[in-house]
file query24.cif (mmCIF, C-alpha atoms)
data_upload
#
loop_
_atom_site.label_atom_id
_atom_site.label_comp_id
_atom_site.auth_asym_id
_atom_site.auth_seq_id
_atom_site.Cartn_x
_atom_site.Cartn_y
_atom_site.Cartn_z
CA MET A 1076 94.76 67.48 16.10
CA LYS A 1077 95.13 66.49 12.50
CA ASN A 1078 93.50 63.13 13.16
CA LYS A 1079 90.51 64.87 14.69
CA HIS A 1080 90.01 67.04 11.64
CA PHE A 1081 90.43 64.01 9.40
CA HIS A 1082 87.64 62.11 11.18
CA LEU A 1083 85.30 65.10 10.95
CA ILE A 1084 85.91 65.51 7.24
CA PHE A 1085 85.49 61.75 6.59
CA GLY A 1086 82.21 61.61 8.59
CA SER A 1087 80.85 64.61 6.69
CA ILE A 1088 81.60 62.90 3.38
CA ILE A 1089 79.85 59.67 4.44
CA LEU A 1090 76.81 61.60 5.66
CA THR A 1091 76.66 63.58 2.43
CA ILE A 1092 76.79 60.38 0.34
CA THR A 1093 74.08 58.73 2.45
CA VAL A 1094 71.73 61.74 2.21
CA ALA A 1095 72.30 61.94 -1.54
CA SER A 1096 71.55 58.23 -1.96
CA CYS A 1097 68.30 58.47 0.00
CA PHE A 1098 67.24 61.51 -2.01
CA TRP A 1099 67.94 59.64 -5.25
CA LEU A 1100 65.95 56.54 -4.13
CA VAL A 1101 62.98 58.66 -3.10
CA SER A 1102 62.96 60.83 -6.20
CA THR A 1103 63.50 58.04 -8.73
CA PRO A 1104 60.11 56.28 -9.62
CA VAL A 1105 60.06 52.49 -9.62
CA GLU A 1106 58.12 50.89 -12.46
CA PRO A 1107 56.53 47.62 -11.21
CA THR A 1108 56.57 44.53 -13.39
CA LEU A 1109 53.17 42.78 -13.55
CA ALA A 1110 52.94 39.09 -14.42
CA GLU A 1111 50.13 38.28 -16.79
CA GLU A 1112 47.47 36.11 -15.06
CA LYS A 1113 45.91 33.30 -17.06
CA SER A 1114 42.28 32.14 -16.37
CA VAL A 1115 42.24 28.38 -15.57
CA PRO A 1116 38.80 26.63 -16.03
CA HIS A 1117 37.43 25.03 -12.87
CA PRO A 1118 37.33 21.21 -13.08
CA VAL A 1119 33.91 19.55 -12.59
CA SER A 1120 32.96 15.89 -12.39
CA VAL A 1121 30.48 14.88 -15.09
CA VAL A 1122 28.76 11.70 -16.19
CA GLN A 1123 27.43 11.01 -19.65
CA ILE A 1124 23.73 10.14 -19.87
CA ASN A 1125 21.69 8.98 -22.85
CA SER A 1126 17.98 9.11 -23.61
CA SER A 1127 16.35 5.74 -24.19
CA ALA A 1128 13.24 3.69 -23.37
CA HIS A 1129 12.77 2.70 -19.73
CA THR A 1130 10.08 0.70 -17.96
CA ALA A 1131 8.53 2.86 -15.27
CA SER A 1132 8.61 1.71 -11.68
CA VAL A 1133 5.91 2.81 -9.24
CA ILE A 1134 7.18 2.71 -5.65
CA ALA A 1135 4.95 3.34 -2.65
CA TYR A 1136 4.74 2.34 1.00
CA GLY A 1137 2.01 0.82 3.11
CA GLN A 1138 1.18 -1.37 6.08
CA VAL A 1139 0.04 -4.98 5.83
CA ALA A 1140 -3.48 -5.63 7.13
CA PRO A 1141 -5.77 -8.69 7.22
CA TYR A 1142 -8.01 -9.22 4.21
CA ARG A 1143 -10.48 -10.84 6.61
CA LYS A 1144 -10.79 -9.91 10.27
CA THR A 1145 -13.75 -11.15 12.27
CA ASP A 1146 -15.07 -10.69 15.78
CA ILE A 1147 -16.42 -14.13 16.70
CA VAL A 1148 -19.74 -13.74 18.51
CA SER A 1149 -21.99 -16.24 20.21
CA ALA A 1150 -25.28 -16.73 18.37
CA VAL A 1151 -26.92 -18.26 21.49
CA SER A 1152 -26.95 -17.64 25.23
CA GLY A 1153 -25.64 -20.00 27.85
CA ARG A 1154 -22.72 -21.18 29.92
CA LEU A 1155 -19.46 -21.97 28.16
CA VAL A 1156 -18.69 -25.61 28.95
CA GLN A 1157 -15.78 -26.29 26.58
CA ARG A 1158 -12.89 -24.37 25.00
CA SER A 1159 -10.48 -25.76 22.46
CA ASP A 1160 -6.76 -25.54 23.21
CA VAL A 1161 -6.22 -23.91 19.81
CA PHE A 1162 -8.61 -21.11 20.72
CA ASP A 1163 -5.94 -18.92 22.28
CA LYS A 1164 -3.99 -15.85 21.23
CA GLY A 1165 -1.32 -16.59 18.61
CA MET A 1166 -2.70 -19.99 17.61
CA LEU A 1167 -3.69 -21.11 14.11
CA VAL A 1168 -7.13 -22.66 13.51
CA ALA A 1169 -8.55 -24.41 10.46
CA LYS A 1170 -11.90 -23.67 8.86
CA GLY A 1171 -14.66 -25.51 10.77
CA GLU A 1172 -12.43 -26.29 13.75
CA LEU A 1173 -14.20 -26.17 17.13
CA LEU A 1174 -13.35 -23.13 19.23
CA ALA A 1175 -15.80 -23.35 22.15
CA THR A 1176 -19.07 -25.02 23.17
CA VAL A 1177 -22.09 -23.49 24.91
CA GLU A 1178 -24.19 -25.75 27.17
CA ASP A 1179 -26.82 -27.28 24.87
CA VAL A 1180 -29.33 -29.02 27.21
CA ALA A 1181 -32.00 -26.36 26.79
CA TYR A 1182 -31.50 -26.27 23.02
CA ARG A 1183 -31.84 -30.04 22.69
CA SER A 1184 -35.05 -29.85 24.64
CA ALA A 1185 -36.35 -27.04 22.46
CA LEU A 1186 -35.49 -29.08 19.37
CA SER A 1187 -37.48 -32.04 20.63
CA MET A 1188 -40.47 -29.81 21.35
CA GLN A 1189 -40.33 -28.34 17.85
CA GLN A 1190 -40.12 -31.78 16.29
CA LYS A 1191 -43.35 -32.66 18.17
CA GLU A 1192 -44.94 -29.41 16.96
CA VAL A 1193 -44.13 -30.31 13.36
CA ALA A 1194 -45.60 -33.78 13.78
CA ASP A 1195 -48.80 -32.38 15.31
CA ALA A 1196 -49.09 -29.76 12.58
CA ASN A 1197 -48.64 -32.38 9.85
CA LEU A 1198 -51.31 -34.55 11.48
CA ALA A 1199 -53.72 -31.62 11.74
CA PHE A 1200 -53.10 -30.73 8.11
CA LEU A 1201 -53.77 -34.29 6.93
CA GLN A 1202 -56.98 -34.39 8.94
CA GLU A 1203 -58.15 -31.06 7.59
CA GLU A 1204 -57.21 -32.12 4.07
CA ARG A 1205 -59.41 -35.20 4.47
CA ARG A 1206 -62.31 -33.09 5.78
CA ALA A 1207 -61.98 -30.74 2.83
CA LEU A 1208 -62.07 -33.65 0.40
CA GLN A 1209 -65.15 -35.11 2.12
CA ALA A 1210 -66.88 -31.70 2.10
CA LYS A 1211 -66.32 -31.41 -1.63
CA LYS A 1212 -67.83 -34.85 -2.23
CA ASP A 1213 -70.84 -34.04 -0.05
CA TRP A 1214 -71.41 -30.79 -1.91
CA LYS A 1215 -71.48 -32.59 -5.28
CA ARG A 1216 -73.67 -35.42 -3.93
CA MET A 1217 -76.29 -32.82 -2.98
CA GLY A 1218 -76.50 -31.91 -6.67
CA ASN A 1219 -74.87 -28.54 -6.37
CA SER A 1220 -72.90 -27.70 -9.51
CA LYS A 1221 -72.02 -24.16 -8.52
CA THR A 1222 -69.29 -23.04 -6.10
CA PRO A 1223 -70.72 -22.44 -2.63
CA ALA A 1224 -71.12 -18.86 -1.49
CA SER A 1225 -68.78 -19.40 1.45
CA SER A 1226 -65.41 -21.10 1.14
CA LEU A 1227 -65.97 -22.43 4.63
CA VAL A 1228 -68.36 -25.02 3.21
CA LEU A 1229 -65.50 -26.75 1.40
CA HIS A 1230 -63.08 -26.19 4.35
CA LYS A 1231 -60.61 -24.17 2.23
CA PRO A 1232 -59.74 -21.57 4.91
CA GLN A 1233 -59.36 -24.35 7.47
CA LEU A 1234 -57.01 -26.22 5.13
CA ASP A 1235 -54.96 -23.08 4.47
CA ALA A 1236 -54.64 -22.45 8.22
CA ALA A 1237 -53.49 -26.01 8.81
CA GLN A 1238 -50.94 -25.66 6.00
CA ALA A 1239 -49.66 -22.40 7.54
CA ARG A 1240 -49.24 -24.10 10.91
CA VAL A 1241 -47.11 -26.76 9.22
CA TYR A 1242 -44.89 -24.08 7.65
CA ALA A 1243 -44.58 -22.24 10.99
CA ALA A 1244 -43.73 -25.41 12.85
CA LYS A 1245 -41.08 -26.36 10.29
CA ALA A 1246 -39.56 -22.86 10.49
CA SER A 1247 -39.40 -23.09 14.29
CA LEU A 1248 -37.83 -26.54 13.95
CA ALA A 1249 -35.16 -25.12 11.61
CA LYS A 1250 -34.41 -22.35 14.11
CA SER A 1251 -34.10 -24.87 16.95
CA ARG A 1252 -31.72 -26.97 14.89
CA ASN A 1253 -29.68 -23.87 14.04
CA ASP A 1254 -29.59 -22.82 17.71
CA LEU A 1255 -28.35 -26.25 18.69
CA LYS A 1256 -25.74 -26.13 15.94
CA ASN A 1257 -24.62 -22.68 17.14
CA THR A 1258 -23.82 -24.03 20.59
CA ARG A 1259 -20.67 -25.29 18.86
CA ILE A 1260 -18.67 -22.19 17.90
CA VAL A 1261 -16.31 -22.98 15.01
CA ALA A 1262 -13.76 -21.06 12.94
CA PRO A 1263 -15.38 -19.56 9.81
CA TYR A 1264 -12.14 -19.87 7.78
CA ASP A 1265 -8.46 -20.72 8.17
CA ALA A 1266 -7.33 -18.10 10.63
CA ALA A 1267 -4.98 -16.92 13.35
CA VAL A 1268 -6.37 -16.06 16.78
CA ILE A 1269 -5.77 -12.43 17.68
CA SER A 1270 -7.60 -12.47 21.02
CA ARG A 1271 -9.81 -14.64 23.23
CA LYS A 1272 -12.21 -12.99 25.69
CA VAL A 1273 -13.97 -15.90 27.44
CA ALA A 1274 -13.08 -18.90 29.59
CA ILE A 1275 -14.81 -22.14 30.60
CA GLY A 1276 -17.70 -21.33 32.93
CA SER A 1277 -18.31 -17.88 31.47
CA PHE A 1278 -21.90 -17.01 30.62
CA VAL A 1279 -22.30 -15.63 27.14
CA SER A 1280 -25.32 -13.89 25.72
CA GLU A 1281 -26.42 -13.78 22.11
CA GLY A 1282 -24.08 -11.30 20.39
CA THR A 1283 -21.26 -11.56 22.96
CA VAL A 1284 -17.80 -11.25 21.35
CA ILE A 1285 -15.75 -14.23 22.46
CA GLY A 1286 -12.62 -13.56 20.39
CA THR A 1287 -11.11 -12.10 17.22
CA LEU A 1288 -9.56 -13.90 14.24
CA TYR A 1289 -7.89 -12.85 11.02
CA GLY A 1290 -7.76 -14.95 7.87
CA THR A 1291 -4.41 -16.48 7.00
CA GLY A 1292 -5.30 -17.14 3.36
CA GLN A 1293 -4.78 -13.56 2.17
CA LEU A 1294 -3.42 -10.25 3.40
CA ASP A 1295 -3.85 -6.76 1.93
CA VAL A 1296 -1.65 -3.70 1.65
CA GLN A 1297 -3.19 -0.32 0.98
CA ILE A 1298 -0.67 1.92 -0.77
CA PRO A 1299 -1.30 5.59 -1.64
CA LEU A 1300 -0.59 6.67 -5.22
CA THR A 1301 -0.28 10.16 -6.61
CA GLU A 1302 -2.03 10.89 -9.89
CA ALA A 1303 1.35 10.85 -11.63
CA GLN A 1304 2.10 7.38 -10.24
CA TYR A 1305 -1.33 6.10 -11.26
CA ASN A 1306 -0.72 7.31 -14.80
CA LEU A 1307 2.38 5.09 -14.94
CA LEU A 1308 0.37 1.90 -14.31
CA PRO A 1309 -0.08 -0.33 -17.38
CA LEU A 1310 -3.88 -0.39 -17.11
CA ARG A 1311 -4.74 3.26 -17.47
CA GLY A 1312 -8.11 3.58 -19.18
CA ILE A 1313 -9.18 -0.02 -18.52
CA SER A 1314 -12.23 -0.30 -16.30
CA HIS A 1315 -13.44 -3.27 -14.26
CA SER A 1316 -11.38 -6.22 -15.43
CA ALA A 1317 -9.74 -9.32 -14.03
CA VAL A 1318 -6.53 -8.07 -15.70
CA TRP A 1319 -5.89 -6.05 -12.53
CA LYS A 1320 -5.04 -9.31 -10.78
CA GLU A 1321 -2.30 -10.06 -13.30
CA ILE A 1322 -0.10 -7.09 -12.34
CA PRO A 1323 2.72 -8.41 -10.12
CA VAL A 1324 3.96 -6.39 -7.17
CA GLU A 1325 7.32 -6.83 -5.45
CA LEU A 1326 7.09 -6.29 -1.69
CA THR A 1327 10.05 -5.59 0.59
CA SER A 1328 10.18 -5.09 4.34
CA VAL A 1329 11.21 -1.53 5.17
CA THR A 1330 13.00 -2.61 8.36
CA THR A 1331 14.54 -5.82 6.92
CA PRO A 1332 15.22 -5.28 3.18
CA ASP A 1333 16.28 -8.90 2.60
CA GLN A 1334 12.74 -10.06 3.40
CA GLN A 1335 10.69 -10.01 0.21
CA TRP A 1336 7.29 -11.26 -0.94
CA LYS A 1337 5.17 -11.24 -4.07
CA GLY A 1338 1.68 -9.81 -4.39
CA ARG A 1339 -0.72 -8.67 -7.08
CA LEU A 1340 -2.57 -5.43 -7.69
CA VAL A 1341 -6.29 -6.15 -7.35
CA ALA A 1342 -7.94 -2.71 -7.31
CA VAL A 1343 -7.46 1.06 -7.21
CA ASP A 1344 -9.93 3.39 -5.51
CA LEU A 1345 -12.23 5.22 -7.88
CA GLN A 1346 -11.89 8.40 -5.86
CA ILE A 1347 -9.17 10.87 -4.90
CA SER A 1348 -8.71 11.74 -1.25
CA GLN A 1349 -9.52 15.37 -0.56
CA ALA A 1350 -6.92 15.46 2.22
CA THR A 1351 -3.95 13.92 0.41
CA ARG A 1352 -4.99 14.16 -3.28
CA GLN A 1353 -3.99 10.52 -3.64
CA ARG A 1354 -5.66 7.25 -4.62
CA ILE A 1355 -5.45 4.01 -2.67
CA ALA A 1356 -4.27 0.88 -4.48
CA ILE A 1357 -4.98 -2.55 -3.00
CA VAL A 1358 -2.21 -5.15 -3.20
CA ARG A 1359 -3.14 -8.70 -2.14
CA ILE A 1360 -0.77 -11.42 -0.93
CA SER A 1361 -1.85 -15.08 -0.99
CA SER A 1362 -0.75 -17.65 1.62
CA PRO A 1363 1.42 -15.11 3.49
CA LEU A 1364 2.28 -17.42 6.39
CA THR A 1365 3.46 -20.35 4.28
CA SER A 1366 6.35 -18.55 2.57
CA ASN A 1367 9.95 -18.96 3.71
CA THR A 1368 9.60 -15.68 5.56
CA PRO A 1369 6.04 -15.35 6.94
CA LEU A 1370 4.42 -11.99 6.27
CA LEU A 1371 2.50 -10.72 9.29
CA PRO A 1372 -0.15 -8.01 9.61
CA GLY A 1373 1.36 -4.74 10.76
CA THR A 1374 4.53 -5.12 8.69
CA PHE A 1375 5.53 -1.85 7.01
CA ILE A 1376 6.54 -2.62 3.43
CA LYS A 1377 7.75 -1.00 0.21
CA ALA A 1378 5.72 -1.97 -2.85
CA GLU A 1379 7.22 -1.79 -6.34
CA ILE A 1380 4.91 -2.11 -9.35
CA SER A 1381 6.23 -2.47 -12.89
CA GLY A 1382 4.62 0.21 -15.05
CA ILE A 1383 4.46 1.28 -18.68
CA SER A 1384 7.43 1.81 -21.01
CA LEU A 1385 8.54 5.44 -21.50
CA ASP A 1386 10.59 6.74 -24.45
CA ASN A 1387 13.09 9.63 -24.47
CA VAL A 1388 13.94 9.21 -20.80
CA PHE A 1389 17.33 9.84 -19.17
CA ALA A 1390 18.63 7.79 -16.23
CA ILE A 1391 20.35 10.39 -14.05
CA PRO A 1392 22.25 10.00 -10.75
CA GLU A 1393 20.14 11.50 -7.98
CA SER A 1394 23.12 13.59 -6.80
CA SER A 1395 22.93 15.58 -10.04
CA LEU A 1396 19.53 17.04 -9.19
CA THR A 1397 19.46 20.34 -7.30
CA GLN A 1398 16.89 21.19 -4.66
CA ASN A 1399 15.00 23.21 -7.27
CA GLY A 1400 14.75 20.23 -9.61
CA ASN A 1401 17.38 21.55 -12.03
CA LEU A 1402 20.28 19.82 -13.77
CA TRP A 1403 23.62 21.40 -14.62
CA PHE A 1404 25.35 20.11 -17.73
CA VAL A 1405 28.43 20.96 -19.77
CA ASP A 1406 27.75 21.97 -23.36
CA THR A 1407 30.01 21.48 -26.40
CA ALA A 1408 31.85 24.74 -25.59
CA ASN A 1409 32.72 23.39 -22.12
CA THR A 1410 30.54 25.93 -20.34
CA LEU A 1411 27.93 25.29 -17.65
CA GLN A 1412 24.24 25.38 -18.56
CA LYS A 1413 21.10 24.76 -16.46
CA ILE A 1414 17.94 22.88 -17.41
CA LYS A 1415 14.70 21.83 -15.70
CA ALA A 1416 14.13 18.07 -15.37
CA ASP A 1417 10.67 16.55 -15.85
CA ILE A 1418 10.97 13.65 -13.37
CA LYS A 1419 8.85 10.61 -14.22
CA PHE A 1420 9.93 8.22 -11.45
CA ARG A 1421 12.79 7.34 -9.11
CA LYS A 1422 14.45 4.02 -8.35
CA GLN A 1423 17.47 3.01 -6.25
CA GLY A 1424 19.29 6.34 -6.27
CA THR A 1425 18.48 7.10 -9.90
CA ILE A 1426 15.97 9.57 -11.29
CA TYR A 1427 14.31 8.96 -14.65
CA ALA A 1428 13.39 12.21 -16.35
CA ARG A 1429 12.66 13.83 -19.67
CA LEU A 1430 14.55 16.94 -20.74
CA PRO A 1431 13.09 19.68 -22.97
CA PHE A 1432 15.62 19.45 -25.79
CA ALA A 1433 15.55 15.63 -26.15
CA GLN A 1434 12.55 14.54 -28.21
CA GLN A 1435 13.98 11.19 -29.27
CA ASN A 1436 16.13 8.32 -28.02
CA ASN A 1437 19.95 8.19 -28.23
CA VAL A 1438 20.52 11.81 -27.25
CA SER A 1439 23.57 12.16 -24.98
CA MET A 1440 24.82 14.88 -22.66
CA ASN A 1441 27.29 15.38 -19.81
CA VAL A 1442 25.61 16.28 -16.53
CA VAL A 1443 27.47 17.56 -13.48
CA LEU A 1444 27.59 14.87 -10.84
CA LYS A 1445 27.46 17.13 -7.78
CA PRO A 1446 26.54 20.71 -8.73
CA LEU A 1447 27.33 23.65 -6.43
CA SER A 1448 24.92 26.42 -5.50
CA THR A 1449 27.44 29.01 -6.75
CA TYR A 1450 27.33 27.87 -10.37
CA LEU A 1451 26.46 30.46 -13.02
CA PRO A 1452 25.33 29.71 -16.58
CA GLY A 1453 28.08 30.25 -19.14
CA THR A 1454 30.97 29.60 -16.73
CA ALA A 1455 33.91 27.89 -18.47
CA VAL A 1456 34.80 24.56 -16.84
CA ALA A 1457 37.06 21.56 -17.39
CA PRO A 1458 34.82 18.46 -17.42
CA VAL A 1459 36.24 15.33 -15.78
CA THR A 1460 34.39 12.09 -16.49
CA ALA A 1461 33.46 10.26 -13.28
CA GLU A 1462 32.83 6.56 -12.77
CA VAL A 1463 29.32 6.21 -11.40
CA ALA A 1464 27.39 2.97 -10.80
CA TYR A 1465 23.70 3.57 -11.44
CA GLU A 1466 20.93 2.04 -13.50
#

call {"tool": "encode", "arguments": {"input": "query24.cif", "output": "structure tokens"}}
result
Amino acid sequence: MKNKHFHLIFGSIILTITVASCFWLVSTPVEPTLAEEKSVPHPVSVVQINSSAHTASVIAYGQVAPYRKTDIVSAVSGRLVQRSDVFDKGMLVAKGELLATVEDVAYRSALSMQQKEVADANLAFLQEERRALQAKKDWKRMGNSKTPASSLVLHKPQLDAAQARVYAAKASLAKSRNDLKNTRIVAPYDAAVISRKVAIGSFVSEGTVIGTLYGTGQLDVQIPLTEAQYNLLPLRGISHSAVWKEIPVELTSVTTPDQQWKGRLVAVDLQISQATRQRIAIVRISSPLTSNTPLLPGTFIKAEISGISLDNVFAIPESSLTQNGNLWFVDTANTLQKIKADIKFRKQGTIYARLPFAQQNNVSMNVVLKPLSTYLPGTAVAPVTAEVAYE
């Protein structure tokens, strides 16, 4: 019985202590300890750029086309009796080389007839000339000192008609000779055969296209230039001049960059396209098939023209430029600032631009290599210099 009372008293004491402890914990306020947070600047990769003089580079693209392309037509009518083996698609022909022959029997006959006509006309003229001379003598022998009323007396109209017949006969003879010559169809210049449209036995009429050639001596590339690109060319303000042909152009295949050729700028259109607001520059390549890598019409190429020298220009990695054409840089207080770039030209992953605050060479600044869209001007950063390979 005593043990039972002891356990009840002991349990009541424990319960009382527990309730008192809970009440004390709830009623006693706890003062939290706050750790002081320190602001750590965000690290950014930067590259130092300097303003200096740079030679502008004008880069544009175009497709190679023949400087000369000719549809070969027959100047006479007749049956084709001969075709050269070189007159076939993909073959090279030299200037004056025979391509095909039209049957010439009728033209030889016509030539002979015209030769006879010339001989007869010459004979008639000589006879009329003698009559005119005799008529003049007879007129003087009759004691007439004045010119006769009619020129027929001295046979002048008759002589003029005979002379005209000689001229007409000689002209017909020249045409017959030319027709006979044209029965032999030859290449007008060194060329490559693009197509052949006739075979031996075909009948061709005057004006019939028998094939197409393009000249192998020169090829052209028409490249579009914006007004800004044109202003970078070294001949701005110079009108018609052979100096155009002295501007070298480096050409590179778009599909095979290791294939390169050299050309020269020969002309720029004196008009601006209403559709594209661009001007067309003509680049000419000489002897394109004799180089180590033949250049063929239809090749899509990149043309690079060396332009004028520009001062106060920065060479900037292209990754530093935002979509809006802005640059982020770190100022002397290590805060971010934004500036608009005046881009002059681009080359091999590098943009060349002028910046508003740099009005002379040898001005340096640290630009952010890969800016984020979340940047805000004035944000404190920790610049980290990056190793970047660019021009």

call {"tool": "axis_aligned_box", "arguments": {"input": "query24.cif", "around": "stretch 1201-1207 of chain A", "padding_each_side": "3 Å", "output": "AutoDock Vina command-line options"}}
result
--center_x -58.0 --center_y -33.0 --center_z 5.9 --size_x 14.5 --size_y 10.5 --size_z 12.1

call {"tool": "residues_around", "arguments": {"input": "query24.cif", "residues": "A:Pro1458", "least_positions_apart": "4", "cutoff": "8 Å", "atoms": "all atoms listed in the file", "output": "number ranges by chain"}}
result
A: 1118-1121, 1405, 1409

call {"tool": "resolve_selection", "arguments": {"input": "query24.cif", "expression": "the PyMOL selection byres ((chain A and resi 1377-1379) around 8)", "output": "number ranges by chain"}}
result
A: 1132-1137, 1298, 1324-1329, 1375-1376, 1380-1381

call {"tool": "resolve_selection", "arguments": {"input": "query24.cif", "expression": "the PyMOL selection byres ((chain A and resi 1256) around 12)", "output": "PyMOL selection string"}}
result
chain A and resi 1149-1151+1173+1176-1179+1182-1183+1186+1249-1255+1257-1261

call {"tool": "write_last_selection", "arguments": {"input": "query24.cif", "atoms": "C-alpha atoms", "output": "compact mmCIF listing (two decimals), keeping the file's coordinate frame"}}
result
# COMPACT_ATOMS: atom_id res chain seq x y z
CA SER A 1149 -21.99 -16.24 20.21
CA ALA A 1150 -25.28 -16.73 18.37
CA VAL A 1151 -26.92 -18.26 21.49
CA LEU A 1173 -14.20 -26.17 17.13
CA THR A 1176 -19.07 -25.02 23.17
CA VAL A 1177 -22.09 -23.49 24.91
CA GLU A 1178 -24.19 -25.75 27.17
CA ASP A 1179 -26.82 -27.28 24.87
CA TYR A 1182 -31.50 -26.27 23.02
CA ARG A 1183 -31.84 -30.04 22.69
CA LEU A 1186 -35.49 -29.08 19.37
CA ALA A 1249 -35.16 -25.12 11.61
CA LYS A 1250 -34.41 -22.35 14.11
CA SER A 1251 -34.10 -24.87 16.95
CA ARG A 1252 -31.72 -26.97 14.89
CA ASN A 1253 -29.68 -23.87 14.04
CA ASP A 1254 -29.59 -22.82 17.71
CA LEU A 1255 -28.35 -26.25 18.69
CA ASN A 1257 -24.62 -22.68 17.14
CA THR A 1258 -23.82 -24.03 20.59
CA ARG A 1259 -20.67 -25.29 18.86
CA ILE A 1260 -18.67 -22.19 17.90
CA VAL A 1261 -16.31 -22.98 15.01

call {"tool": "resolve_selection", "arguments": {"input": "query24.cif", "expression": "the PyMOL selection byres ((chain A and resi 1424) around 7)", "output": "ChimeraX atom specification"}}
result
/A:1392-1393,1422-1423,1425-1426

call {"tool": "atom_distance", "arguments": {"input": "query24.cif", "atom1": "atom CA of A:Met1188", "atom2": "atom CA of A:Gln1238"}}
result
19.0 Å

call {"tool": "closest_residue", "arguments": {"input": "query24.cif", "among": "A:Asn1219, A:Asn1387, A:Thr1145, A:Asn1197", "to": "A:Ala1236", "atoms": "only C-alpha atoms"}}
result
A:Asn1197

call {"tool": "atom_distance", "arguments": {"input": "query24.cif", "atom1": "atom CA of A:Gln1190", "atom2": "atom CA of A:Leu1248"}}
result
6.2 Å

call {"tool": "closest_residue", "arguments": {"input": "query24.cif", "among": "A:Phe1420, A:Leu1396, A:Val1241, A:Ile1285", "to": "A:Val1442", "atoms": "only C-alpha atoms"}}
result
A:Leu1396

call {"tool": "closest_residue", "arguments": {"input": "query24.cif", "among": "A:Lys1419, A:Gly1171, A:Phe1432, A:Gln1412", "to": "A:Pro1446", "atoms": "all atoms listed in the file"}}
result
A:Gln1412

call {"tool": "closest_residue", "arguments": {"input": "query24.cif", "among": "A:Asp1146, A:Asp1406, A:Asp1386, A:Asp1417", "to": "A:Ala1266", "atoms": "all atoms listed in the file"}}
result
A:Asp1146

call {"tool": "atom_distance", "arguments": {"input": "query24.cif", "atom1": "atom CA of A:Gly1290", "atom2": "atom CA of A:Ser1152"}}
result
26.0 Å

call {"tool": "residues_around", "arguments": {"input": "query24.cif", "residues": "A:Thr1291", "least_positions_apart": "2", "cutoff": "7 Å", "atoms": "all atoms listed in the file", "output": "ChimeraX atom specification"}}
result
/A:1265-1267,1289,1293,1362-1364

call {"tool": "residues_around", "arguments": {"input": "query24.cif", "residues": "A:Leu1430", "least_positions_apart": "2", "cutoff": "8 Å", "atoms": "only C-alpha atoms", "output": "list in words"}}
result
Val1388, Phe1389, Ile1414, Lys1415, Ala1416, Asp1417, Ala1428, Phe1432 and Ala1433 of chain A

call {"tool": "closest_residue", "arguments": {"input": "query24.cif", "among": "A:Phe1200, A:Ser1277, A:Leu1371, A:Ala1175", "to": "A:Arg1158", "atoms": "only C-alpha atoms"}}
result
A:Ala1175

call {"tool": "residues_around", "arguments": {"input": "query24.cif", "residues": "A:Ala1196", "least_positions_apart": "2", "cutoff": "7 Å", "atoms": "only C-alpha atoms", "output": "ChimeraX atom specification"}}
result
/A:1192-1194,1198-1200,1237,1240-1241,1244

call {"tool": "build_atoms", "arguments": {"input": "query24.cif", "residues": "stretch 1121-1131 of chain A", "atoms": "N, CA and C atoms", "output": "CSV table (one decimal), in the coordinates of the input"}}
result
chain,number,residue,atom,x,y,z
A,1121,VAL,N,31.7,15.1,-14.3
A,1121,VAL,CA,30.5,14.9,-15.1
A,1121,VAL,C,30.3,13.4,-15.4
A,1122,VAL,N,29.1,13.1,-15.8
A,1122,VAL,CA,28.8,11.7,-16.2
A,1122,VAL,C,27.9,11.8,-17.4
A,1123,GLN,N,28.2,11.0,-18.4
A,1123,GLN,CA,27.4,11.0,-19.6
A,1123,GLN,C,26.1,10.2,-19.5
A,1124,ILE,N,25.0,10.8,-19.9
A,1124,ILE,CA,23.7,10.1,-19.9
A,1124,ILE,C,23.1,10.1,-21.3
A,1125,ASN,N,22.3,9.1,-21.5
A,1125,ASN,CA,21.7,9.0,-22.8
A,1125,ASN,C,20.2,8.8,-22.7
A,1126,SER,N,19.4,9.3,-23.6
A,1126,SER,CA,18.0,9.1,-23.6
A,1126,SER,C,17.7,7.8,-24.3
A,1127,SER,N,16.8,7.0,-23.7
A,1127,SER,CA,16.4,5.7,-24.2
A,1127,SER,C,15.0,5.4,-23.6
A,1128,ALA,N,14.5,4.2,-23.9
A,1128,ALA,CA,13.2,3.7,-23.4
A,1128,ALA,C,13.5,3.0,-22.0
A,1129,HIS,N,12.7,3.3,-21.1
A,1129,HIS,CA,12.8,2.7,-19.7
A,1129,HIS,C,11.4,2.3,-19.3
A,1130,THR,N,11.3,1.1,-18.6
A,1130,THR,CA,10.1,0.7,-18.0
A,1130,THR,C,9.9,1.4,-16.6
A,1131,ALA,N,8.8,2.1,-16.5
A,1131,ALA,CA,8.5,2.9,-15.3
A,1131,ALA,C,8.4,1.9,-14.1
